[in-house]
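Text of coords_9.tsv (TSV, C-alpha atoms (C1' of nucleotides)) as supplied:
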chain	number	residue	atom	x	y	z
P	1	MET	CA	1.21	-59.16	22.77
P	2	ALA	CA	-1.75	-61.52	23.07
P	3	LYS	CA	-5.10	-60.36	21.84
P	4	PRO	CA	-6.79	-58.28	24.54
P	5	LEU	CA	-10.35	-58.84	25.67
P	6	ILE	CA	-12.56	-55.78	25.66
P	7	LEU	CA	-15.58	-56.69	27.70
P	8	GLY	CA	-17.77	-54.28	25.76
P	9	ASN	CA	-16.95	-56.04	22.51
P	10	PHE	CA	-17.31	-59.55	23.84
P	11	LEU	CA	-20.38	-61.14	22.32
P	12	PRO	CA	-21.53	-63.19	25.32
P	13	TYR	CA	-21.30	-60.11	27.52
P	14	ARG	CA	-23.17	-57.90	25.09
P	15	LEU	CA	-25.84	-60.52	24.63
P	16	SER	CA	-26.22	-60.83	28.38
P	17	VAL	CA	-26.59	-57.10	28.94
P	18	LEU	CA	-29.01	-56.74	26.04
P	19	SER	CA	-31.12	-59.67	27.13
P	20	ASN	CA	-31.20	-58.64	30.78
P	21	THR	CA	-32.21	-55.11	29.90
P	22	ILE	CA	-35.05	-56.35	27.73
P	23	SER	CA	-36.18	-58.90	30.29
P	24	GLN	CA	-36.19	-56.26	32.99
P	25	ASP	CA	-38.20	-53.85	30.84
P	26	ILE	CA	-40.79	-56.51	30.24
P	27	ALA	CA	-40.78	-57.65	33.85
P	28	ASP	CA	-41.56	-54.07	34.87
P	29	ILE	CA	-44.59	-54.03	32.60
P	30	TYR	CA	-45.96	-57.35	33.86
P	31	ASP	CA	-45.34	-56.37	37.45
P	32	ARG	CA	-46.80	-52.90	37.18
P	33	GLU	CA	-49.87	-53.92	35.22
P	34	PHE	CA	-50.65	-57.35	36.63
P	35	GLY	CA	-48.45	-58.06	39.65
P	36	LEU	CA	-46.78	-60.97	37.87
P	37	ASP	CA	-43.11	-61.83	37.79
P	38	ILE	CA	-41.43	-63.21	34.68
P	39	ARG	CA	-41.65	-66.82	35.78
P	40	GLN	CA	-45.33	-66.57	36.52
P	41	TRP	CA	-45.87	-64.97	33.17
P	42	ARG	CA	-43.95	-67.73	31.39
P	43	VAL	CA	-46.07	-70.36	33.07
P	44	MET	CA	-49.22	-68.52	32.01
P	45	ALA	CA	-47.90	-68.23	28.47
P	46	VAL	CA	-47.38	-71.99	28.20
P	47	VAL	CA	-50.64	-72.90	29.87
P	48	GLY	CA	-52.45	-70.36	27.72
P	49	GLU	CA	-50.90	-71.94	24.64
P	50	THR	CA	-51.50	-75.49	25.88
P	51	PRO	CA	-54.34	-75.84	28.37
P	52	GLY	CA	-54.01	-78.92	30.54
P	53	ALA	CA	-50.21	-78.88	30.41
P	54	SER	CA	-48.47	-80.34	33.44
P	55	ALA	CA	-45.78	-78.65	35.48
P	56	SER	CA	-43.13	-80.81	33.88
P	57	GLU	CA	-44.32	-79.85	30.42
P	58	VAL	CA	-44.00	-76.24	31.49
P	59	THR	CA	-40.51	-76.99	32.79
P	60	ALA	CA	-39.51	-78.55	29.48
P	61	ARG	CA	-40.81	-75.63	27.47
P	62	THR	CA	-39.57	-72.67	29.50
P	63	ALA	CA	-35.98	-73.42	30.42
P	64	MET	CA	-37.08	-72.94	34.04
P	65	ASP	CA	-36.17	-75.46	36.68
P	66	LYS	CA	-38.91	-77.49	38.29
P	67	VAL	CA	-38.67	-75.73	41.64
P	68	ALA	CA	-39.25	-72.39	39.96
P	69	VAL	CA	-42.22	-73.79	38.06
P	70	SER	CA	-43.66	-75.28	41.23
P	71	ARG	CA	-43.44	-71.94	42.99
P	72	ALA	CA	-44.79	-69.94	40.08
P	73	VAL	CA	-47.74	-72.31	39.77
P	74	ALA	CA	-48.44	-72.05	43.50
P	75	GLY	CA	-48.42	-68.27	43.23
P	76	LEU	CA	-50.75	-68.26	40.24
P	77	ILE	CA	-53.22	-70.58	41.95
P	78	GLU	CA	-53.07	-68.30	44.98
P	79	LEU	CA	-53.85	-65.34	42.72
P	80	GLY	CA	-56.76	-67.24	41.23
P	81	TYR	CA	-55.31	-67.30	37.72
P	82	LEU	CA	-54.72	-71.04	37.43
P	83	THR	CA	-56.42	-74.28	38.38
P	84	ARG	CA	-54.68	-77.55	39.08
P	85	GLU	CA	-56.52	-80.87	38.60
P	86	PRO	CA	-54.95	-84.28	39.08
P	87	SER	CA	-54.51	-86.09	35.80
P	88	ALA	CA	-56.83	-89.05	35.44
P	89	ALA	CA	-54.23	-90.90	33.40
P	90	ASP	CA	-51.25	-90.33	35.70
P	91	GLY	CA	-51.70	-89.61	39.37
P	92	ARG	CA	-48.37	-87.88	39.67
P	93	ARG	CA	-49.26	-85.20	37.19
P	94	SER	CA	-51.58	-82.26	37.50
P	95	GLU	CA	-53.28	-80.55	34.62
P	96	LEU	CA	-52.99	-76.79	34.65
P	97	ARG	CA	-55.56	-74.45	33.15
P	98	LEU	CA	-56.22	-70.74	33.20
P	99	THR	CA	-59.26	-69.64	35.17
P	100	LYS	CA	-61.69	-67.14	33.65
P	101	VAL	CA	-59.82	-64.39	35.46
P	102	GLY	CA	-56.47	-65.82	34.38
P	103	GLN	CA	-57.64	-65.99	30.79
P	104	GLY	CA	-58.68	-62.34	31.03
P	105	ILE	CA	-55.20	-61.40	32.24
P	106	TYR	CA	-53.62	-63.55	29.55
P	107	ASP	CA	-55.74	-61.89	26.86
P	108	GLN	CA	-54.51	-58.53	28.06
P	109	ILE	CA	-50.85	-59.43	28.34
P	110	VAL	CA	-50.43	-61.09	24.97
P	111	PRO	CA	-51.03	-57.91	22.95
P	112	LEU	CA	-48.74	-55.96	25.29
P	113	ALA	CA	-45.96	-58.48	24.84
P	114	LEU	CA	-46.37	-58.55	21.09
P	115	GLN	CA	-46.43	-54.77	21.02
P	116	TYR	CA	-43.18	-54.64	22.96
P	117	GLU	CA	-41.63	-57.00	20.47
P	118	ARG	CA	-42.91	-54.95	17.55
P	119	ASP	CA	-41.51	-51.75	19.06
P	120	LEU	CA	-38.19	-53.45	19.57
P	121	LEU	CA	-38.04	-54.65	16.01
P	122	ALA	CA	-39.41	-51.45	14.52
P	123	ARG	CA	-35.88	-50.11	14.13
P	124	LEU	CA	-34.88	-53.02	11.98
P	125	ASP	CA	-36.22	-53.54	8.51
P	126	ALA	CA	-38.00	-56.75	7.58
P	127	GLY	CA	-34.93	-58.39	6.11
P	128	ASP	CA	-32.91	-57.67	9.23
P	129	VAL	CA	-35.56	-59.23	11.41
P	130	LYS	CA	-35.47	-62.41	9.37
P	131	GLN	CA	-31.71	-62.39	9.54
P	132	LEU	CA	-31.72	-61.88	13.29
P	133	GLU	CA	-34.05	-64.81	13.75
P	134	ALA	CA	-31.91	-67.02	11.57
P	135	LEU	CA	-28.77	-66.04	13.47
P	136	MET	CA	-30.39	-66.69	16.83
P	137	THR	CA	-31.59	-70.06	15.68
P	138	ARG	CA	-28.11	-71.00	14.56
P	139	LEU	CA	-26.52	-69.76	17.78
P	140	ALA	CA	-29.11	-71.58	19.87
P	141	ASP	CA	-28.30	-74.69	17.92
P	142	VAL	CA	-24.60	-74.29	18.70
P	143	VAL	CA	-25.08	-73.84	22.44
P	144	SER	CA	-27.80	-76.44	22.96
P	145	PRO	CA	-27.94	-78.65	19.91
P	146	ASP	CA	-30.17	-81.21	21.63
P	147	HIS	CA	-33.05	-78.91	22.41
P	148	GLU	CA	-35.62	-78.97	19.62
P	149	LEU	CA	-38.24	-76.79	21.25
P	150	TRP	CA	-36.77	-73.44	20.46
Y	1	MET	CA	-59.12	-64.24	16.85
Y	2	ALA	CA	-56.33	-62.11	18.25
Y	3	LYS	CA	-52.78	-62.98	17.35
Y	4	PRO	CA	-51.52	-65.70	19.68
Y	5	LEU	CA	-48.22	-65.54	21.49
Y	6	ILE	CA	-45.98	-68.55	21.07
Y	7	LEU	CA	-43.35	-68.27	23.77
Y	8	GLY	CA	-40.81	-70.14	21.68
Y	9	ASN	CA	-41.12	-67.59	18.88
Y	10	PHE	CA	-41.07	-64.54	21.12
Y	11	LEU	CA	-37.81	-62.69	20.61
Y	12	PRO	CA	-37.25	-61.50	24.18
Y	13	TYR	CA	-37.77	-65.02	25.45
Y	14	ARG	CA	-35.48	-66.60	22.89
Y	15	LEU	CA	-32.84	-64.00	23.57
Y	16	SER	CA	-33.07	-64.66	27.28
Y	17	VAL	CA	-32.73	-68.43	26.91
Y	18	LEU	CA	-29.85	-68.09	24.48
Y	19	SER	CA	-28.02	-65.59	26.63
Y	20	ASN	CA	-28.54	-67.51	29.85
Y	21	THR	CA	-27.31	-70.71	28.28
Y	22	ILE	CA	-24.17	-69.03	27.00
Y	23	SER	CA	-23.54	-67.25	30.30
Y	24	GLN	CA	-23.93	-70.50	32.18
Y	25	ASP	CA	-21.55	-72.32	29.85
Y	26	ILE	CA	-18.95	-69.65	30.41
Y	27	ALA	CA	-19.59	-69.48	34.14
Y	28	ASP	CA	-18.92	-73.20	34.32
Y	29	ILE	CA	-15.55	-72.73	32.65
Y	30	TYR	CA	-14.48	-69.88	34.95
Y	31	ASP	CA	-15.69	-71.71	38.01
Y	32	ARG	CA	-14.12	-75.05	37.09
Y	33	GLU	CA	-10.79	-73.62	35.99
Y	34	PHE	CA	-10.33	-70.70	38.37
Y	35	GLY	CA	-13.03	-70.72	41.06
Y	36	LEU	CA	-14.42	-67.41	39.83
Y	37	ASP	CA	-18.04	-66.47	39.35
Y	38	ILE	CA	-19.20	-64.32	36.45
Y	39	ARG	CA	-19.25	-61.13	38.47
Y	40	GLN	CA	-15.73	-61.64	39.72
Y	41	TRP	CA	-14.60	-62.33	36.21
Y	42	ARG	CA	-16.24	-59.17	34.90
Y	43	VAL	CA	-14.50	-57.11	37.54
Y	44	MET	CA	-11.19	-58.68	36.59
Y	45	ALA	CA	-11.89	-58.02	32.93
Y	46	VAL	CA	-12.43	-54.31	33.55
Y	47	VAL	CA	-9.52	-53.94	35.93
Y	48	GLY	CA	-7.33	-55.89	33.52
Y	49	GLU	CA	-8.34	-53.53	30.74
Y	50	THR	CA	-8.04	-50.45	32.94
Y	51	PRO	CA	-5.66	-50.81	35.87
Y	52	GLY	CA	-6.42	-48.37	38.67
Y	53	ALA	CA	-10.14	-48.30	37.89
Y	54	SER	CA	-12.39	-47.61	40.88
Y	55	ALA	CA	-15.35	-49.71	41.93
Y	56	SER	CA	-17.74	-47.14	40.51
Y	57	GLU	CA	-15.96	-47.22	37.17
Y	58	VAL	CA	-16.39	-50.97	37.21
Y	59	THR	CA	-20.06	-50.50	38.05
Y	60	ALA	CA	-20.53	-48.12	35.14
Y	61	ARG	CA	-18.85	-50.45	32.70
Y	62	THR	CA	-20.35	-53.80	33.65
Y	63	ALA	CA	-24.08	-53.23	34.12
Y	64	MET	CA	-23.57	-54.66	37.62
Y	65	ASP	CA	-24.96	-52.88	40.64
Y	66	LYS	CA	-22.57	-51.38	43.14
Y	67	VAL	CA	-23.29	-53.94	45.85
Y	68	ALA	CA	-22.41	-56.76	43.47
Y	69	VAL	CA	-19.19	-54.98	42.52
Y	70	SER	CA	-18.33	-54.40	46.16
Y	71	ARG	CA	-18.78	-58.07	46.94
Y	72	ALA	CA	-16.92	-59.28	43.87
Y	73	VAL	CA	-14.00	-56.98	44.70
Y	74	ALA	CA	-13.94	-58.20	48.29
Y	75	GLY	CA	-13.84	-61.79	47.06
Y	76	LEU	CA	-11.04	-61.09	44.61
Y	77	ILE	CA	-8.95	-59.35	47.25
Y	78	GLU	CA	-9.56	-62.32	49.52
Y	79	LEU	CA	-8.37	-64.62	46.74
Y	80	GLY	CA	-5.29	-62.47	46.31
Y	81	TYR	CA	-6.11	-61.50	42.73
Y	82	LEU	CA	-6.71	-57.81	43.32
Y	83	THR	CA	-5.28	-54.94	45.33
Y	84	ARG	CA	-7.15	-51.91	46.56
Y	85	GLU	CA	-5.33	-48.63	47.24
Y	86	PRO	CA	-7.03	-45.41	48.32
Y	87	SER	CA	-6.96	-42.81	45.58
Y	88	ALA	CA	-4.66	-39.89	46.35
Y	89	ALA	CA	-6.94	-37.55	44.45
Y	90	ASP	CA	-10.24	-38.61	46.02
Y	91	GLY	CA	-10.37	-40.26	49.41
Y	92	ARG	CA	-13.70	-41.93	48.70
Y	93	ARG	CA	-12.34	-43.91	45.81
Y	94	SER	CA	-10.05	-46.87	45.72
Y	95	GLU	CA	-7.86	-47.84	42.85
Y	96	LEU	CA	-8.06	-51.47	41.86
Y	97	ARG	CA	-5.23	-53.40	40.27
Y	98	LEU	CA	-4.52	-57.02	39.47
Y	99	THR	CA	-1.85	-58.67	41.59
Y	100	LYS	CA	0.83	-60.75	39.90
Y	101	VAL	CA	-1.25	-63.82	40.60
Y	102	GLY	CA	-4.40	-62.08	39.39
Y	103	GLN	CA	-2.63	-61.03	36.22
Y	104	GLY	CA	-1.58	-64.64	35.68
Y	105	ILE	CA	-5.21	-65.77	35.99
Y	106	TYR	CA	-6.33	-62.97	33.73
Y	107	ASP	CA	-3.77	-63.93	31.11
Y	108	GLN	CA	-5.11	-67.45	31.17
Y	109	ILE	CA	-8.79	-66.55	31.04
Y	110	VAL	CA	-8.65	-64.08	28.18
Y	111	PRO	CA	-7.67	-66.65	25.56
Y	112	LEU	CA	-10.26	-69.08	26.90
Y	113	ALA	CA	-12.99	-66.48	26.65
Y	114	LEU	CA	-11.95	-65.46	23.18
Y	115	GLN	CA	-11.81	-69.09	22.15
Y	116	TYR	CA	-15.33	-69.64	23.41
Y	117	GLU	CA	-16.49	-66.68	21.38
Y	118	ARG	CA	-14.68	-67.95	18.30
Y	119	ASP	CA	-16.24	-71.39	18.67
Y	120	LEU	CA	-19.64	-69.82	19.01
Y	121	LEU	CA	-19.19	-67.72	15.90
Y	122	ALA	CA	-17.52	-70.45	13.91
Y	123	ARG	CA	-20.86	-71.59	12.58
Y	124	LEU	CA	-21.59	-68.20	11.12
Y	125	ASP	CA	-19.69	-66.82	8.18
Y	126	ALA	CA	-17.86	-63.53	8.44
Y	127	GLY	CA	-20.68	-61.52	6.91
Y	128	ASP	CA	-23.18	-62.97	9.38
Y	129	VAL	CA	-20.97	-62.08	12.29
Y	130	LYS	CA	-20.80	-58.48	11.14
Y	131	GLN	CA	-24.54	-58.46	10.67
Y	132	LEU	CA	-25.14	-59.92	14.10
Y	133	GLU	CA	-22.99	-57.26	15.70
Y	134	ALA	CA	-24.77	-54.53	13.82
Y	135	LEU	CA	-28.17	-55.87	14.85
Y	136	MET	CA	-27.16	-56.15	18.48
Y	137	THR	CA	-25.85	-52.62	18.47
Y	138	ARG	CA	-29.10	-51.37	17.05
Y	139	LEU	CA	-31.19	-53.34	19.54
Y	140	ALA	CA	-29.03	-52.18	22.43
Y	141	ASP	CA	-29.56	-48.64	21.24
Y	142	VAL	CA	-33.33	-49.16	21.25
Y	143	VAL	CA	-33.47	-50.56	24.77
Y	144	SER	CA	-30.95	-48.23	26.39
Y	145	PRO	CA	-30.35	-45.31	24.08
Y	146	ASP	CA	-28.49	-43.31	26.74
Y	147	HIS	CA	-25.71	-45.80	27.36
Y	148	GLU	CA	-22.73	-45.09	25.14
Y	149	LEU	CA	-20.33	-47.66	26.56
Y	150	TRP	CA	-21.61	-50.69	24.73
M	1	DA	C1'	-47.02	-110.05	41.21
M	2	DT	C1'	-43.15	-107.91	43.66
M	3	DC	C1'	-39.27	-105.15	44.09
M	4	DA	C1'	-36.23	-101.77	42.00
M	5	DA	C1'	-35.80	-97.79	39.33
M	6	DT	C1'	-37.80	-93.71	37.39
M	7	DT	C1'	-40.71	-89.65	37.23
M	8	DA	C1'	-43.76	-85.64	39.06
M	9	DG	C1'	-43.82	-82.38	42.13
M	10	DT	C1'	-42.96	-80.18	46.89
M	11	DT	C1'	-40.29	-78.86	50.85
M	12	DT	C1'	-36.05	-77.78	53.17
M	13	DC	C1'	-31.93	-75.50	53.65
M	14	DA	C1'	-28.01	-72.87	52.59
M	15	DT	C1'	-26.56	-69.24	49.60
M	16	DA	C1'	-27.22	-65.28	46.45
M	17	DT	C1'	-29.22	-61.09	45.52
M	18	DG	C1'	-31.12	-56.33	45.61
M	19	DT	C1'	-33.03	-52.42	48.31
M	20	DA	C1'	-32.39	-49.43	51.73
M	21	DA	C1'	-29.84	-47.59	55.37
M	22	DC	C1'	-25.49	-46.23	56.64
M	23	DT	C1'	-20.43	-44.02	56.96
M	24	DA	C1'	-17.10	-41.23	55.15
M	25	DA	C1'	-15.25	-38.10	51.78
M	26	DT	C1'	-16.12	-34.48	48.41
M	27	DT	C1'	-18.52	-30.89	46.04
M	28	DT	C1'	-21.86	-27.35	45.82
M	29	DT	C1'	-24.45	-23.46	47.46
M	30	DG	C1'	-25.09	-19.34	49.53
B	1	DC	C1'	-16.09	-21.06	54.82
B	2	DA	C1'	-20.09	-23.56	56.90
B	3	DA	C1'	-24.13	-26.22	55.98
B	4	DA	C1'	-26.46	-28.94	52.58
B	5	DA	C1'	-26.33	-32.02	48.94
B	6	DT	C1'	-23.92	-35.51	46.37
B	7	DT	C1'	-20.93	-39.43	45.62
B	8	DA	C1'	-18.08	-43.84	46.80
B	9	DG	C1'	-18.46	-47.75	48.93
B	10	DT	C1'	-20.06	-51.11	52.73
B	11	DT	C1'	-23.30	-53.33	55.75
B	12	DA	C1'	-27.82	-55.14	57.18
B	13	DC	C1'	-31.97	-57.12	56.13
B	14	DA	C1'	-35.49	-59.35	53.73
B	15	DT	C1'	-36.45	-62.04	49.73
B	16	DA	C1'	-35.21	-65.06	45.80
B	17	DT	C1'	-33.01	-68.92	44.19
B	18	DG	C1'	-31.25	-73.63	43.26
B	19	DA	C1'	-29.43	-78.13	44.94
B	20	DA	C1'	-30.59	-81.87	47.43
B	21	DA	C1'	-33.70	-84.52	50.07
B	22	DC	C1'	-38.12	-86.06	50.22
B	23	DT	C1'	-43.12	-88.11	49.12
B	24	DA	C1'	-46.08	-90.24	46.11
B	25	DA	C1'	-47.24	-92.43	41.85
B	26	DT	C1'	-45.82	-95.08	37.81
B	27	DT	C1'	-43.02	-98.05	35.02
B	28	DG	C1'	-39.78	-101.68	34.32
B	29	DA	C1'	-37.52	-106.02	35.40
B	30	DT	C1'	-37.63	-110.55	36.93

The structure given in the file should be rewritten as structure tokens.
Amino acid sequence: MAKPLILGNFLPYRLSVLSNTISQDIADIYDREFGLDIRQWRVMAVVGETPGASASEVTARTAMDKVAVSRAVAGLIELGYLTREPSAADGRRSELRLTKVGQGIYDQIVPLALQYERDLLARLDAGDVKQLEALMTRLADVVSPDHELW
Amino acid sequence: MAKPLILGNFLPYRLSVLSNTISQDIADIYDREFGLDIRQWRVMAVVGETPGASASEVTARTAMDKVAVSRAVAGLIELGYLTREPSAADGRRSELRLTKVGQGIYDQIVPLALQYERDLLARLDAGDVKQLEALMTRLADVVSPDHELW
DNA sequence: ATCAATTAGTTTCATATGTAACTAATTTTG
DNA sequence: CAAAATTAGTTACATATGAAACTAATTGAT
């Protein structure tokens, strides 16, 4: 008989369930504490890292599509967490920056996110964490060998 | 200064991008070759493993919600890949089984899926694969310690 | 310099999705 | 055993999502 497929042992499935569970856990925190969805948070994370980034830079660095970025940005401006200024150098682009309020939110979320990550990794010892990161890097390289940003 | 958060180094983010990329790759294969979406395929995978399973068994074993299972089942019956018979023991349940045609599709997909997995893991040596599985199991146990099915 | 092609970003539209409400069958409680 | 509570599954509704069309600005080609 041919080799059977047990969904629960199938790596892509397990990875998907694991990742979705984690993403949902984190989404619940962001939503409960700050009323943000994951996409909005990702935009804030990039803009917080790189003030003045444009929407297309955010798109390139978040694996989000440009429509999703556009909507997340609109929502964040609406909330008063982001500003958008036309780029002097290129009239098509806008430069995104956190407002004072947005920076305050950002400064609160970052430690929460890092804490979540620490809690997650607390069950693994330091060597395992290194190993996990190496494995993920290699897998990411297999599935999207052209992408050098992550 | 507080520790910064670099999205591209943040494990939950990396996991999400990796998993979504893999899921999308696979979804493209199923869609192109058989016109199935991921949810339909997952239902077929469970029913193929466990003929006579009910929709709620599928729900429990796929991390899908019951509405998604209901719709996937309806689509598969429509396609002629699945049959639904009321359970003699419990009139609320239906027993799901692959049709001949559905079984033929299933028998074609399983090797494709396993091949994809093999290709993915081909870059890792056998010890790394074991390690990856162990790490995923431990992480899954951290994020959903109550779920014993995966 | 002008026209074509590309890029940034938004809007539109059709579909996908999840929550909640619902029906029907079963189990539990008293 | 009758009423209440639970469970299986579907339907309805409101929102989320992505593909494609669109506008505006820039770059490239001639």

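For the atom pair formed by CA of Leu36 (chain P) and CA of Thr50 (chain P), the distance is 19.4 Å, given to one decimal.
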
Per residue of chain M within 10 Å of chain P, which atom pair is closest and at what distance in Å (one decimal), using all atoms listed in the file, listed by chain and increasing number, as a Markdown table?
| residue | atom | partner | partner_atom | distance |
| --- | --- | --- | --- | --- |
| M:DT7 | C1' | P:Arg92 | CA | 8.2 |
| M:DA8 | C1' | P:Arg92 | CA | 5.2 |
| M:DG9 | C1' | P:Ser70 | CA | 7.2 |
| M:DT10 | C1' | P:Ser70 | CA | 7.5 |
| M:DT11 | C1' | P:Val67 | CA | 9.9 |

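The residue that comes closest to DT19 (chain M), out of B:DT10, B:DA21, B:DA4, B:DT15 and on the basis of only C-alpha atoms (C1' of nucleotides), is B:DT15.
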
Just need chain P moved onto chain Y: least-squares over all Cα atoms matched in order, then output as a short mmCIF file (atom, residue, chain, number, x, y, z; two decimals) with C-alpha atoms, in the frame of the given file.
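Listed below is the output, part15.cif:
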data_model
loop_
_atom_site.label_atom_id
_atom_site.label_comp_id
_atom_site.auth_asym_id
_atom_site.auth_seq_id
_atom_site.Cartn_x
_atom_site.Cartn_y
_atom_site.Cartn_z
CA MET P 1 -59.12 -64.20 16.90
CA ALA P 2 -56.30 -62.07 18.29
CA LYS P 3 -52.77 -62.95 17.38
CA PRO P 4 -51.52 -65.69 19.70
CA LEU P 5 -48.21 -65.52 21.52
CA ILE P 6 -45.97 -68.53 21.10
CA LEU P 7 -43.36 -68.24 23.79
CA GLY P 8 -40.82 -70.12 21.69
CA ASN P 9 -41.12 -67.57 18.91
CA PHE P 10 -41.06 -64.53 21.14
CA LEU P 11 -37.81 -62.67 20.61
CA PRO P 12 -37.23 -61.49 24.19
CA TYR P 13 -37.76 -65.02 25.45
CA ARG P 14 -35.46 -66.58 22.89
CA LEU P 15 -32.81 -63.99 23.57
CA SER P 16 -33.07 -64.66 27.29
CA VAL P 17 -32.72 -68.42 26.93
CA LEU P 18 -29.84 -68.08 24.48
CA SER P 19 -28.01 -65.58 26.62
CA ASN P 20 -28.52 -67.51 29.85
CA THR P 21 -27.31 -70.72 28.28
CA ILE P 22 -24.17 -69.03 27.01
CA SER P 23 -23.54 -67.25 30.29
CA GLN P 24 -23.93 -70.49 32.18
CA ASP P 25 -21.53 -72.31 29.86
CA ILE P 26 -18.94 -69.65 30.40
CA ALA P 27 -19.58 -69.47 34.13
CA ASP P 28 -18.91 -73.21 34.32
CA ILE P 29 -15.54 -72.74 32.66
CA TYR P 30 -14.47 -69.89 34.94
CA ASP P 31 -15.67 -71.74 38.00
CA ARG P 32 -14.11 -75.06 37.10
CA GLU P 33 -10.78 -73.64 36.01
CA PHE P 34 -10.32 -70.70 38.36
CA GLY P 35 -13.01 -70.74 41.05
CA LEU P 36 -14.42 -67.43 39.82
CA ASP P 37 -18.04 -66.50 39.34
CA ILE P 38 -19.20 -64.33 36.45
CA ARG P 39 -19.24 -61.13 38.46
CA GLN P 40 -15.73 -61.64 39.72
CA TRP P 41 -14.60 -62.34 36.22
CA ARG P 42 -16.25 -59.18 34.91
CA VAL P 43 -14.50 -57.11 37.54
CA MET P 44 -11.18 -58.69 36.59
CA ALA P 45 -11.88 -58.04 32.92
CA VAL P 46 -12.42 -54.32 33.54
CA VAL P 47 -9.51 -53.95 35.91
CA GLY P 48 -7.31 -55.89 33.52
CA GLU P 49 -8.35 -53.54 30.73
CA THR P 50 -8.05 -50.44 32.92
CA PRO P 51 -5.68 -50.81 35.86
CA GLY P 52 -6.43 -48.38 38.66
CA ALA P 53 -10.15 -48.29 37.88
CA SER P 54 -12.41 -47.62 40.85
CA ALA P 55 -15.37 -49.71 41.90
CA SER P 56 -17.76 -47.15 40.49
CA GLU P 57 -15.98 -47.22 37.15
CA VAL P 58 -16.40 -50.98 37.19
CA THR P 59 -20.07 -50.51 38.03
CA ALA P 60 -20.53 -48.13 35.11
CA ARG P 61 -18.85 -50.46 32.67
CA THR P 62 -20.35 -53.82 33.63
CA ALA P 63 -24.06 -53.24 34.10
CA MET P 64 -23.58 -54.66 37.61
CA ASP P 65 -24.98 -52.88 40.61
CA LYS P 66 -22.59 -51.39 43.12
CA VAL P 67 -23.35 -53.95 45.82
CA ALA P 68 -22.43 -56.76 43.47
CA VAL P 69 -19.21 -54.99 42.52
CA SER P 70 -18.36 -54.39 46.16
CA ARG P 71 -18.80 -58.07 46.94
CA ALA P 72 -16.94 -59.28 43.88
CA VAL P 73 -14.03 -56.98 44.69
CA ALA P 74 -13.96 -58.21 48.30
CA GLY P 75 -13.86 -61.79 47.07
CA LEU P 76 -11.06 -61.09 44.61
CA ILE P 77 -8.96 -59.34 47.25
CA GLU P 78 -9.57 -62.32 49.52
CA LEU P 79 -8.36 -64.62 46.75
CA GLY P 80 -5.28 -62.47 46.30
CA TYR P 81 -6.12 -61.48 42.73
CA LEU P 82 -6.73 -57.77 43.32
CA THR P 83 -5.28 -54.92 45.34
CA ARG P 84 -7.18 -51.90 46.55
CA GLU P 85 -5.36 -48.61 47.25
CA PRO P 86 -7.06 -45.41 48.32
CA SER P 87 -6.98 -42.81 45.59
CA ALA P 88 -4.69 -39.91 46.39
CA ALA P 89 -6.95 -37.54 44.49
CA ASP P 90 -10.26 -38.61 46.03
CA GLY P 91 -10.42 -40.25 49.41
CA ARG P 92 -13.72 -41.93 48.69
CA ARG P 93 -12.37 -43.90 45.80
CA SER P 94 -10.07 -46.88 45.73
CA GLU P 95 -7.87 -47.83 42.84
CA LEU P 96 -8.09 -51.46 41.85
CA ARG P 97 -5.25 -53.40 40.26
CA LEU P 98 -4.53 -57.02 39.47
CA THR P 99 -1.84 -58.65 41.57
CA LYS P 100 0.86 -60.74 39.89
CA VAL P 101 -1.23 -63.81 40.60
CA GLY P 102 -4.38 -62.08 39.37
CA GLN P 103 -2.62 -61.02 36.20
CA GLY P 104 -1.56 -64.63 35.66
CA ILE P 105 -5.18 -65.77 35.99
CA TYR P 106 -6.33 -62.97 33.71
CA ASP P 107 -3.75 -63.93 31.08
CA GLN P 108 -5.09 -67.46 31.16
CA ILE P 109 -8.76 -66.58 31.04
CA VAL P 110 -8.64 -64.10 28.19
CA PRO P 111 -7.65 -66.67 25.55
CA LEU P 112 -10.26 -69.10 26.89
CA ALA P 113 -12.97 -66.48 26.64
CA LEU P 114 -11.94 -65.47 23.16
CA GLN P 115 -11.79 -69.10 22.13
CA TYR P 116 -15.31 -69.65 23.40
CA GLU P 117 -16.47 -66.70 21.37
CA ARG P 118 -14.67 -67.96 18.28
CA ASP P 119 -16.24 -71.41 18.66
CA LEU P 120 -19.63 -69.82 19.03
CA LEU P 121 -19.21 -67.74 15.92
CA ALA P 122 -17.54 -70.48 13.91
CA ARG P 123 -20.92 -71.60 12.60
CA LEU P 124 -21.61 -68.21 11.13
CA ASP P 125 -19.71 -66.85 8.19
CA ALA P 126 -17.87 -63.55 8.43
CA GLY P 127 -20.68 -61.52 6.93
CA ASP P 128 -23.18 -62.97 9.38
CA VAL P 129 -20.97 -62.08 12.30
CA LYS P 130 -20.78 -58.48 11.15
CA GLN P 131 -24.52 -58.46 10.68
CA LEU P 132 -25.13 -59.91 14.12
CA GLU P 133 -22.97 -57.25 15.70
CA ALA P 134 -24.76 -54.51 13.83
CA LEU P 135 -28.15 -55.87 14.86
CA MET P 136 -27.14 -56.14 18.50
CA THR P 137 -25.83 -52.61 18.47
CA ARG P 138 -29.09 -51.34 17.06
CA LEU P 139 -31.18 -53.32 19.54
CA ALA P 140 -29.01 -52.16 22.43
CA ASP P 141 -29.55 -48.64 21.23
CA VAL P 142 -33.32 -49.14 21.25
CA VAL P 143 -33.47 -50.54 24.77
CA SER P 144 -30.93 -48.23 26.39
CA PRO P 145 -30.32 -45.31 24.08
CA ASP P 146 -28.47 -43.33 26.75
CA HIS P 147 -25.71 -45.82 27.39
CA GLU P 148 -22.71 -45.11 25.18
CA LEU P 149 -20.36 -47.69 26.61
CA TRP P 150 -21.60 -50.69 24.76
#
